[in-house]
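What follows is a single structure, written as structure tokens, with notes after it.
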Amino acid sequence: MWVDVSDSVAHAAAVSPMAESSPKATPCAAAAEARAVSLLDAAMERYANGDDIAFQELYRHGAPRLRGFLLRLTGSAALAEDLAQEAFLRIHRARGSFEPGASALPWVLAIARNAFFDHARSPHVRRTATAARADHAPAEREAPPDTQGEEVAIAGEMLDVVRKTLAELPVLPREAFILLRFEGLSVQEAAQVLGATEGAVKVRAFRAYEALREALGRDDPKPGGPR
């Protein structure tokens, strides 16, 4: 039996304010997010239909989302920027394959994810990543969030624990968590991005939630201990 992601969120909420800090936690945030998604959809549809001028609007609404997504995958602001630029080149080349009426965000995130995996498959990158893990180099801190999908108000120390735990996770549960929690995608949309079944997405996300719950639980002060 599949474990619903909502169950995992409830478990995580027991040790963390993350569930309360969802970008969709308030009606105003939900309305702003819906408007941002709608503007991205409209720009992508126009661009897919041959309106080259729409690229500026597509970039304005889409680039911050791609950078944030890639930053959480890579831990490097510079690499996230490079991969976002590569993703937009791919979006330009593939715009004719965008299905009219489809949601643009899962489509562009899937392209960004492919750019990340193509980069990660490079032998040089694998050697560098191995050396970085050996040195225990800390991930770069994120830039201030630019989008509603990134409005997650987590205390600094807790956010450091979340970043560290996510960085140590295998990529499959990490990206599932990022798409559902930080990007605010539905399980169906995340499955579209990942090219996986909805059940597989739920399982991957549950593994990430469990790892975070354990890490945040360890980080909590002991009852009766100093704070």
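We name chains A, B, ... following the order of the structure tokens; residues begin at 1 in each chain, and ligands are numbered from 1 as shown.
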(message) Give me, as a ChimeraX atom specification, all polymer residues having an atom no more than 9 Å from A:Val108, counting only C-alpha atoms and skipping those fewer than 6 positions away in the same chain.
(response) /A:62,66,87-88,91,193
(request) Could you check which of A:Ala112, A:Phe117, A:Ala196, A:Ser76 is closest to A:Arg90, using only C-alpha atoms? (result)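 Under the stated criterion, the closest residue is A:Ala112.
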(message) For a quick check of understanding, using only C-alpha atoms, which of A:Leu89, A:Pro170, A:Gly50, A:Met44 has the smallest distance to A:Trp107?
(response) A:Met44
(request) From the DSSP assignment of the backbone, select every residue of stretch 21-122 of chain A that is helix (DSSP H, G or I), and format the answer as a PyMOL selection string. (result) chain A and resi 21+27-48+54-74+77-97+104-120
(request) Could you please determine the separation between atom CA of A:Arg72 and atom CA of A:Ala115 in Å, to one decimal place? (result) 14.2 Å
(request) For atom CA of A:Pro100 and atom CA of A:Asp41, determine how far apart the two atoms are, in Å to one decimal place. (result)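 Between atom CA of A:Pro100 and atom CA of A:Asp41 the gap works out to 9.5 Å.
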(request) Please indicate the distance in Å from atom CA of A:Arg213 to atom CA of A:Arg67, rounded to one decimal place. (result)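 One can read the atom CA of A:Arg213 to atom CA of A:Arg67 distance as 26.1 Å.
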